[in-house]
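Source file: upload38.json (JSON, C-alpha atoms)
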```
[["chain", "number", "residue", "atom", "x", "y", "z"],
["A", 1, "GLN", "CA", -39.11, -16.54, 55.10],
["A", 2, "LEU", "CA", -39.84, -19.13, 52.44],
["A", 3, "GLN", "CA", -38.31, -22.55, 52.95],
["A", 4, "LEU", "CA", -37.87, -25.01, 50.10],
["A", 5, "VAL", "CA", -37.22, -28.73, 50.50],
["A", 6, "GLU", "CA", -36.32, -30.93, 47.54],
["A", 7, "SER", "CA", -36.93, -34.67, 47.41],
["A", 8, "GLY", "CA", -37.09, -37.50, 44.91],
["A", 9, "GLY", "CA", -33.47, -37.81, 43.88],
["A", 10, "GLY", "CA", -31.65, -41.10, 43.65],
["A", 11, "LEU", "CA", -29.83, -43.54, 41.44],
["A", 12, "VAL", "CA", -31.42, -44.40, 38.11],
["A", 13, "GLN", "CA", -30.24, -46.18, 34.99],
["A", 14, "PRO", "CA", -29.84, -44.34, 31.69],
["A", 15, "GLY", "CA", -33.20, -44.05, 30.00],
["A", 16, "GLY", "CA", -35.03, -44.14, 33.30],
["A", 17, "SER", "CA", -37.25, -41.57, 35.00],
["A", 18, "LEU", "CA", -37.43, -39.68, 38.26],
["A", 19, "ARG", "CA", -39.80, -37.08, 39.64],
["A", 20, "LEU", "CA", -38.36, -34.41, 41.86],
["A", 21, "SER", "CA", -40.52, -32.45, 44.28],
["A", 22, "CYS", "CA", -39.92, -29.05, 45.82],
["A", 23, "ALA", "CA", -42.11, -28.47, 48.85],
["A", 24, "ALA", "CA", -42.54, -24.86, 49.89],
["A", 25, "SER", "CA", -43.36, -23.63, 53.38],
["A", 26, "GLY", "CA", -45.85, -21.22, 51.85],
["A", 27, "SER", "CA", -47.80, -20.73, 48.66],
["A", 28, "THR", "CA", -45.67, -20.70, 45.53],
["A", 29, "SER", "CA", -48.16, -18.26, 44.04],
["A", 30, "ASP", "CA", -46.62, -15.53, 46.21],
["A", 31, "TYR", "CA", -43.47, -15.65, 44.07],
["A", 32, "TYR", "CA", -42.98, -14.64, 40.46],
["A", 33, "ALA", "CA", -41.35, -17.92, 39.46],
["A", 34, "ILE", "CA", -39.97, -21.16, 40.81],
["A", 35, "GLY", "CA", -37.01, -22.71, 39.08],
["A", 36, "TRP", "CA", -34.93, -25.86, 39.05],
["A", 37, "PHE", "CA", -31.17, -25.53, 38.77],
["A", 38, "ARG", "CA", -28.47, -28.19, 38.85],
["A", 39, "GLN", "CA", -24.79, -28.46, 39.53],
["A", 40, "ALA", "CA", -22.67, -31.38, 38.45],
["A", 41, "PRO", "CA", -19.31, -32.16, 40.10],
["A", 42, "GLY", "CA", -16.66, -29.79, 38.86],
["A", 43, "LYS", "CA", -19.12, -27.79, 36.76],
["A", 44, "GLU", "CA", -20.92, -24.50, 37.12],
["A", 45, "ARG", "CA", -24.52, -24.33, 38.20],
["A", 46, "GLU", "CA", -26.97, -24.26, 35.30],
["A", 47, "GLY", "CA", -30.63, -23.48, 34.98],
["A", 48, "VAL", "CA", -32.89, -26.39, 34.06],
["A", 49, "SER", "CA", -36.43, -25.07, 34.05],
["A", 50, "CYS", "CA", -38.70, -22.37, 35.45],
["A", 51, "ILE", "CA", -42.43, -22.03, 35.92],
["A", 52, "ARG", "CA", -44.19, -18.69, 36.23],
["A", 53, "SER", "CA", -46.75, -18.54, 39.01],
["A", 54, "SER", "CA", -49.26, -16.24, 37.32],
["A", 55, "ASP", "CA", -50.05, -18.50, 34.39],
["A", 56, "SER", "CA", -47.81, -21.60, 34.77],
["A", 57, "SER", "CA", -45.79, -20.67, 31.70],
["A", 58, "THR", "CA", -42.63, -22.72, 31.46],
["A", 59, "VAL", "CA", -39.14, -22.46, 30.07],
["A", 60, "TYR", "CA", -36.51, -25.17, 29.66],
["A", 61, "ALA", "CA", -32.83, -25.44, 28.97],
["A", 62, "GLU", "CA", -32.13, -26.85, 25.52],
["A", 63, "SER", "CA", -30.36, -29.82, 27.07],
["A", 64, "VAL", "CA", -33.55, -31.04, 28.78],
["A", 65, "LYS", "CA", -36.28, -29.83, 26.42],
["A", 66, "GLY", "CA", -38.62, -32.66, 25.48],
["A", 67, "ARG", "CA", -37.40, -34.86, 28.33],
["A", 68, "PHE", "CA", -38.18, -32.84, 31.47],
["A", 69, "THR", "CA", -41.51, -31.34, 32.52],
["A", 70, "ILE", "CA", -42.03, -28.78, 35.27],
["A", 71, "SER", "CA", -45.40, -28.40, 36.97],
["A", 72, "ARG", "CA", -46.83, -26.95, 40.16],
["A", 73, "ASP", "CA", -49.67, -26.99, 42.60],
["A", 74, "LYS", "CA", -50.27, -24.56, 45.44],
["A", 75, "ASN", "CA", -47.28, -25.47, 47.61],
["A", 76, "THR", "CA", -45.16, -27.85, 45.54],
["A", 77, "VAL", "CA", -43.24, -27.67, 42.28],
["A", 78, "TYR", "CA", -42.36, -30.85, 40.43],
["A", 79, "LEU", "CA", -39.76, -31.81, 37.85],
["A", 80, "GLN", "CA", -40.59, -34.94, 35.91],
["A", 81, "MET", "CA", -37.42, -36.23, 34.31],
["A", 82, "ASN", "CA", -37.65, -38.85, 31.58],
["A", 83, "SER", "CA", -35.08, -40.43, 29.27],
["A", 84, "LEU", "CA", -32.37, -39.60, 31.74],
["A", 85, "LYS", "CA", -28.76, -39.49, 30.57],
["A", 86, "PRO", "CA", -25.50, -39.80, 32.50],
["A", 87, "GLU", "CA", -24.89, -36.10, 31.85],
["A", 88, "ASP", "CA", -28.01, -35.31, 33.89],
["A", 89, "THR", "CA", -26.14, -36.42, 37.00],
["A", 90, "ALA", "CA", -26.05, -33.47, 39.40],
["A", 91, "VAL", "CA", -27.40, -32.01, 42.58],
["A", 92, "TYR", "CA", -30.76, -30.45, 41.72],
["A", 93, "TYR", "CA", -31.92, -27.35, 43.55],
["A", 94, "CYS", "CA", -35.22, -25.54, 43.49],
["A", 95, "ALA", "CA", -35.33, -21.80, 43.99],
["A", 96, "ALA", "CA", -37.91, -19.03, 44.21],
["A", 97, "ARG", "CA", -37.78, -15.65, 42.57],
["A", 98, "PRO", "CA", -39.94, -12.90, 44.07],
["A", 99, "LEU", "CA", -39.38, -10.21, 41.44],
["A", 100, "ARG", "CA", -40.62, -10.36, 37.89],
["A", 101, "LEU", "CA", -38.36, -10.48, 34.87],
["A", 102, "LEU", "CA", -38.83, -8.38, 31.74],
["A", 103, "ALA", "CA", -38.47, -11.60, 29.79],
["A", 104, "PHE", "CA", -39.57, -14.76, 31.57],
["A", 105, "ARG", "CA", -37.41, -16.90, 29.26],
["A", 106, "LEU", "CA", -34.38, -15.48, 31.06],
["A", 107, "CYS", "CA", -35.42, -17.14, 34.32],
["A", 108, "ILE", "CA", -33.13, -20.14, 33.83],
["A", 109, "HIS", "CA", -30.22, -17.72, 33.30],
["A", 110, "SER", "CA", -31.03, -15.62, 36.37],
["A", 111, "ALA", "CA", -29.89, -17.68, 39.36],
["A", 112, "ASP", "CA", -28.71, -14.48, 41.07],
["A", 113, "GLY", "CA", -32.29, -13.26, 41.18],
["A", 114, "MET", "CA", -33.53, -16.33, 43.02],
["A", 115, "ASP", "CA", -33.75, -15.27, 46.64],
["A", 116, "TYR", "CA", -34.69, -18.58, 48.24],
["A", 117, "TRP", "CA", -32.96, -21.92, 47.71],
["A", 118, "GLY", "CA", -33.41, -25.45, 48.90],
["A", 119, "LYS", "CA", -30.50, -27.65, 49.95],
["A", 120, "GLY", "CA", -30.70, -29.86, 46.90],
["A", 121, "THR", "CA", -31.27, -33.48, 46.01],
["A", 122, "LEU", "CA", -28.74, -35.70, 44.26],
["A", 123, "VAL", "CA", -29.62, -37.37, 40.97],
["A", 124, "THR", "CA", -27.22, -40.00, 39.70],
["A", 125, "VAL", "CA", -27.74, -41.56, 36.28],
["A", 126, "SER", "CA", -25.55, -44.59, 35.87],
["A", 127, "SER", "CA", -25.67, -48.21, 34.84]]
```
Using structure tokens, write down the structure that the file contains.
Amino acid sequence: QLQLVESGGGLVQPGGSLRLSCAASGSTSDYYAIGWFRQAPGKEREGVSCIRSSDSSTVYAESVKGRFTISRDKNTVYLQMNSLKPEDTAVYYCAARPLRLLAFRLCIHSADGMDYWGKGTLVTVSS
């Protein structure tokens, strides 16, 4: 069974940067897509970004487009977060989806289809 471990969270000032890592116990290429999701206190979980294993295509939520970048190597998926805002404060989770989607762009809206989840890493953006 795939295990995912997130790291890289912490406290950062508005406008700052962080890079999150998601280390997988096996090759991420064995899964259709890896995604980053987040949940802020008192709010519903939302999709942030996904990367497709076959060709490294990416999709982003509108709220992070142009600021966040997802990337991957064989066993790790990264989320580079720049120009951070207080509203980015949340616990960030990575997740793996084994089955393909008819439309990859729906990945960030398909948390129910992610079969494997990490325990999350907290990102706090505050001055």
Q. Using all atoms listed in the file, which residues sit within 9 Å of Leu2 of chain A once same-chain residues fewer than 6 positions away are excluded, as a ChimeraX atom specification?
A. /A:24-27,96,116-117
Q: Would you mind listing what lies within 9 Å of segment 77-91 of chain A as number ranges by chain, with only C-alpha atoms counted and same-chain residues fewer than 5 positions away left out?
A: A: 9, 12-24, 28, 34-41, 49, 51, 64, 66-72, 120-127
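Between atom CA of Gly8 of chain A and atom CA of Arg52 of chain A the separation is 21.9 Å.
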Q.
Please report the interatomic distance between atom CA of Gln1 of chain A and atom CA of Ala95 of chain A in Å with one decimal.
A.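 For atom CA of Gln1 of chain A relative to atom CA of Ala95 of chain A, the distance reads 12.9 Å.
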**Q.** Interatomic distance (Å, one decimal) between atom CA of Ser29 of chain A and atom CA of Cys107 of chain A
**A.**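 Here the two named atoms are 16.1 Å from each other.
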(Q) Restricting the calculation to all atoms listed in the file: of A:Gly118, A:Gln3, A:Leu106, A:Ala111, which residue gets closest to Tyr92 of chain A? (A)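 Of all the options, A:Gly118 lies closest to Tyr92 of chain A.
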**Q.** Using all atoms listed in the file: which of A:Cys94, A:Arg100, A:Ile108, A:Met114 has the shortest distance to Glu6 of chain A
**A.**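 Once distances to Glu6 of chain A are computed over all atoms listed in the file, the minimum belongs to A:Cys94.
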Q: Would you mind telling me which residue in A:Lys119, A:Lys43, A:Thr58, A:Val5 lies nearest to Asn75 of chain A when using only C-alpha atoms?
A: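 The answer is A:Val5, which sits nearest to Asn75 of chain A.
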**Q.** Residue with smallest distance to Leu99 of chain A - pool A:Ser53, A:Tyr60, A:Gly47, A:Leu4, counting only C-alpha atoms
**A.** A:Ser53
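Across A:Leu102, A:Asp115, A:Lys74, A:His109, the tightest approach to Val48 of chain A is made by A:His109 when counting all atoms listed in the file.
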